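Here is the structure we will look at.
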Amino acid sequence: MPEILEAEKARELIEARALGREIAGVHAPDAWFLKRGLTPEGAAAALPGRRFTEARRRGKLLLLDTDGDGPTLALHLGMSGRVIIDGEAAGDPLLYAANGDNPAWLRFGVTFVDGGALSLRDPRRLGAAELDPDEERLGVDAFALRLPVLRAHVAASRAPIKAMLMDQARIAGLGNLLTDEVLFRAGIDPVRPANTLSDTEVRALARAISTTLRTLQRRGGSHTGDHMPAREPGGHCPRDGAELLRRTVGGRTTYSCPVHQR
DNA sequence: CCGGATGTTCACCT
DNA sequence: GAGGTGAACATCCG
């Protein structure tokens with residue numbers, strides 16, 4: 001479920017509930033889940049005794065700074081990850097509820113001296129935890145994106161505009177659903193090479209990104225877009241009634257309207 | 001049984 | 001170098 005909006009919810013949960021609490025131990029039962037050289041032993045050596053001082057986010061990557069000269073813990077939610085603190089999730093409806101309390105899905109976590117815990121629950125195991133990540137591998141956070149930066153990225157890429165928008169090294173945070181909604185709102189065909197967009201279209205795109213993020217955040221998440229109900233084979237555009245196209249763009253299933261997205 | 005699912009990374013082509 | 005495709009990861013759902 002996570003794109004930038006869900007990552008932001010998780011960040012807010014961490015900020016509200018996890019800062020300042022002394023870490024007692026690390027739960028890292030799955031070495032594969034740890035990335036960039038991090039080991040269960042390494043995590044167990046680096047985190048206990050520390051406290052999280054700040055919960056940041058860049059795109060979909062959660063960044064938890066620790067006090068003193070401690071490391072920054074980075075958490076990826078992957079496709080099905082969710083942050084749980086003291087047994088309460090970030091507020092999203094439970095996925096895989098039929099087996100929602102399978103303890104094997106708690107891929108990483110820390111326990112606090114006060115008895116609570118922060119966990120990353122990830123049934124599909126596509127998330128990750130690492131220490132001191134290279135934050136610069138990610139481009140500008142989508143919430144902070146401004147027209148001049150978007151304009152530069154658009155001009156520099158011949159990739160389909162959808163692929164360019166989803167490239168986390170350029171703009172961090174937009175995933176498959178948000179990108180389709182953005183292009184739906186901007187009236188732009190997802191397969192258009194980025195550098196063929198007119199400046200008028202780039203301006204519309206910048207507005208659509210901003211509006212989409214704020215509107216869907218208020219509605220409750222990445223899955224609340226206007227085009228979502230039609231996101232199935234044979235679905236019709238809620239704006240003009242045309243049957244939506246279903247294609248693969250940038251490696252992902254893509255729905256778009258052949259009438260108003262040109 | 002099969003295909004597909006909100007993500008990232010990598011091998012392999014063109 | 002840029003960018004596309006398909007696979008892999010693990011699990012559930014229709």
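Convention: chains lettered A, B, ... in structure tokens order; per-chain residue numbering from 1; ligands numbered from 1 as shown.
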Do me a favour and pick out the residues of chain A within 8 Å of chain C, using only C-alpha atoms (C1' of nucleotides), as a compact mmCIF listing (two decimals) with N, CA, C and O atoms, in the first residue's frame.
# COMPACT_ATOMS: atom_id res chain seq x y z
N TYR A 96 -4.19 -8.24 4.23
CA TYR A 96 -3.95 -9.63 4.61
C TYR A 96 -4.50 -9.90 6.00
O TYR A 96 -3.86 -10.54 6.83
N PRO A 123 4.19 -8.52 5.11
CA PRO A 123 3.91 -9.87 4.64
C PRO A 123 4.71 -10.26 3.41
O PRO A 123 5.23 -11.37 3.32
N ARG A 124 4.83 -9.35 2.46
CA ARG A 124 5.49 -9.70 1.21
C ARG A 124 6.99 -9.56 1.28
O ARG A 124 7.68 -9.92 0.32
N ARG A 125 7.50 -9.01 2.36
CA ARG A 125 8.95 -9.03 2.60
C ARG A 125 9.72 -8.23 1.56
O ARG A 125 10.89 -8.53 1.29
N LEU A 126 9.08 -7.23 0.97
CA LEU A 126 9.76 -6.43 -0.03
C LEU A 126 10.29 -5.12 0.54
O LEU A 126 10.89 -4.33 -0.18
N ALA A 159 12.42 9.36 -21.62
CA ALA A 159 11.61 8.25 -21.13
C ALA A 159 10.14 8.64 -21.13
O ALA A 159 9.80 9.83 -21.11
N GLY A 250 6.55 1.89 -18.13
CA GLY A 250 7.55 1.93 -17.07
C GLY A 250 7.51 0.67 -16.22
O GLY A 250 7.82 0.71 -15.03
N GLY A 251 7.09 -0.44 -16.84
CA GLY A 251 7.08 -1.70 -16.14
C GLY A 251 5.89 -1.92 -15.23
O GLY A 251 5.83 -2.93 -14.53
With 7 Å as the cut-off and only C-alpha atoms (C1' of nucleotides) counted, what is the closest atom pair between each nearby residue of chain A and chain B? Distances in Å to one decimal, ordered by chain and number, as a Markdown table.
| residue | atom | partner | partner_atom | distance |
| --- | --- | --- | --- | --- |
| A:Met1 | CA | B:DT6 | C1' | 3.9 |
| A:Pro2 | CA | B:DT6 | C1' | 5.1 |
| A:Glu3 | CA | B:DT6 | C1' | 6.0 |
| A:Gly78 | CA | B:DG7 | C1' | 4.9 |
| A:Met79 | CA | B:DG7 | C1' | 5.3 |
| A:Gly175 | CA | B:DT6 | C1' | 6.9 |
| A:Asn176 | CA | B:DT6 | C1' | 6.8 |
| A:Leu177 | CA | B:DT6 | C1' | 6.5 |
Those residues with all heavy atoms, as a compact mmCIF listing (two decimals), in the first residue's frame please?
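What follows is the written file selection_18.txt:
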# COMPACT_ATOMS: atom_id res chain seq x y z
N MET A 1 0.78 -1.20 0.00
CA MET A 1 0.00 0.00 0.00
C MET A 1 0.83 1.28 0.00
O MET A 1 0.29 2.35 -0.18
CB MET A 1 -0.93 0.03 1.20
CG MET A 1 -0.23 -0.12 2.50
SD MET A 1 -0.99 0.80 3.81
CE MET A 1 -1.48 2.28 3.01
N PRO A 2 2.10 1.23 0.22
CA PRO A 2 2.76 2.49 0.50
C PRO A 2 3.28 3.24 -0.72
O PRO A 2 4.04 2.70 -1.50
CB PRO A 2 3.96 2.08 1.37
CG PRO A 2 3.95 0.61 1.43
CD PRO A 2 2.97 0.11 0.44
N GLU A 3 2.84 4.44 -0.85
CA GLU A 3 3.53 5.41 -1.68
C GLU A 3 3.87 6.54 -0.72
O GLU A 3 3.88 6.34 0.49
CB GLU A 3 2.65 5.86 -2.86
CG GLU A 3 2.38 4.72 -3.83
CD GLU A 3 1.68 5.17 -5.11
OE1 GLU A 3 1.96 6.28 -5.58
OE2 GLU A 3 0.86 4.40 -5.64
N GLY A 78 8.30 -1.02 1.24
CA GLY A 78 8.08 -1.95 0.13
C GLY A 78 6.66 -1.88 -0.38
O GLY A 78 6.07 -0.81 -0.48
N MET A 79 6.10 -3.02 -0.73
CA MET A 79 4.74 -3.06 -1.26
C MET A 79 3.69 -3.25 -0.17
O MET A 79 2.53 -2.90 -0.35
CB MET A 79 4.60 -4.20 -2.27
CG MET A 79 5.31 -3.96 -3.57
SD MET A 79 4.35 -3.04 -4.76
CE MET A 79 3.59 -4.37 -5.65
N GLY A 175 4.45 6.75 -6.79
CA GLY A 175 4.38 5.35 -7.19
C GLY A 175 3.37 5.17 -8.29
O GLY A 175 2.93 6.14 -8.94
N ASN A 176 2.98 3.94 -8.52
CA ASN A 176 2.15 3.62 -9.67
C ASN A 176 0.78 4.30 -9.63
O ASN A 176 0.34 4.89 -10.61
CB ASN A 176 1.98 2.10 -9.77
CG ASN A 176 1.49 1.66 -11.13
OD1 ASN A 176 1.83 2.26 -12.15
ND2 ASN A 176 0.65 0.64 -11.15
N LEU A 177 0.11 4.22 -8.49
CA LEU A 177 -1.25 4.77 -8.42
C LEU A 177 -1.24 6.29 -8.46
O LEU A 177 -2.03 6.90 -9.18
CB LEU A 177 -1.94 4.29 -7.14
CG LEU A 177 -2.18 2.79 -7.01
CD1 LEU A 177 -2.90 2.48 -5.71
CD2 LEU A 177 -2.98 2.27 -8.19
Using only C-alpha atoms (C1' of nucleotides), determine which residues lie at most 9 Å from Gly87 in chain A, disregarding the query and same-chain residues fewer than 2 positions distant; provide the list as a VMD selection string. chain A and resid 84 to 85 89 116 to 119
Go ahead and save the picked residues with N, CA, C and O atoms, as a compact mmCIF listing (two decimals), in the first residue's frame.
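And here is the file that came out, result.txt:
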# COMPACT_ATOMS: atom_id res chain seq x y z
N ILE A 84 4.19 -0.36 12.95
CA ILE A 84 3.33 -0.63 14.09
C ILE A 84 4.08 -0.21 15.35
O ILE A 84 5.23 -0.62 15.56
N ILE A 85 3.44 0.62 16.16
CA ILE A 85 4.06 1.06 17.41
C ILE A 85 3.17 0.66 18.57
O ILE A 85 1.96 1.00 18.58
N ALA A 89 -1.22 0.09 14.41
CA ALA A 89 -0.70 0.42 13.08
C ALA A 89 -0.92 1.90 12.80
O ALA A 89 -1.52 2.63 13.57
N GLY A 116 7.41 -1.00 25.27
CA GLY A 116 6.75 -0.94 23.97
C GLY A 116 7.68 -1.38 22.85
O GLY A 116 8.79 -1.86 23.07
N ALA A 117 7.19 -1.20 21.63
CA ALA A 117 8.00 -1.60 20.48
C ALA A 117 7.56 -0.86 19.23
O ALA A 117 6.41 -0.45 19.09
N LEU A 118 8.50 -0.69 18.32
CA LEU A 118 8.23 -0.18 16.97
C LEU A 118 8.59 -1.30 16.02
O LEU A 118 9.71 -1.80 16.05
N SER A 119 7.64 -1.71 15.19
CA SER A 119 7.89 -2.83 14.29
C SER A 119 7.54 -2.47 12.86
O SER A 119 6.68 -1.63 12.61
CA of Ala142 in chain A to CA of Ile209 in chain A, distance in Å rounded to a single decimal: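 Going from CA of Ala142 in chain A over to CA of Ile209 in chain A, I get 7.8 Å.
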When you count only C-alpha atoms, which of these residues is closest to Leu13 in chain A: A:Arg231, A:Gly49, A:Trp32, A:Arg56? A:Arg56
Just list the residues in range 50-256 of chain A DSSP gives strand (DSSP E) on the backbone, as a ChimeraX atom specification. /A:52-58,61-66,72-76,82-85,88-89,106-112,117-121,128-131,140-141,171-172,245-249,252-256
Coordinates-based distance that separates CA of Asp134 in chain A from CA of Ala152 in chain A (Å, one decimal): 22.9 Å
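Near Gly173 in chain A, within 6 Å and counting only C-alpha atoms (C1' of nucleotides), sit Ile4, Gly59, Lys60 and Ala142 of chain A, not including residues fewer than 4 positions from it in the same chain.
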Preceding selection exported with N, CA, C and O atoms as a compact mmCIF listing (two decimals), in the first residue's frame:
# COMPACT_ATOMS: atom_id res chain seq x y z
N ILE A 4 4.10 7.71 -1.24
CA ILE A 4 4.58 8.78 -0.36
C ILE A 4 3.55 9.13 0.72
O ILE A 4 3.91 9.48 1.84
N GLY A 59 10.85 10.99 0.04
CA GLY A 59 10.09 10.09 -0.81
C GLY A 59 9.43 9.04 0.07
O GLY A 59 8.74 9.35 1.03
N LYS A 60 9.64 7.79 -0.29
CA LYS A 60 9.02 6.69 0.45
C LYS A 60 9.93 6.16 1.56
O LYS A 60 9.56 5.19 2.23
N ALA A 142 8.65 14.58 -3.44
CA ALA A 142 7.54 15.03 -4.30
C ALA A 142 6.76 16.18 -3.67
O ALA A 142 6.25 17.05 -4.39
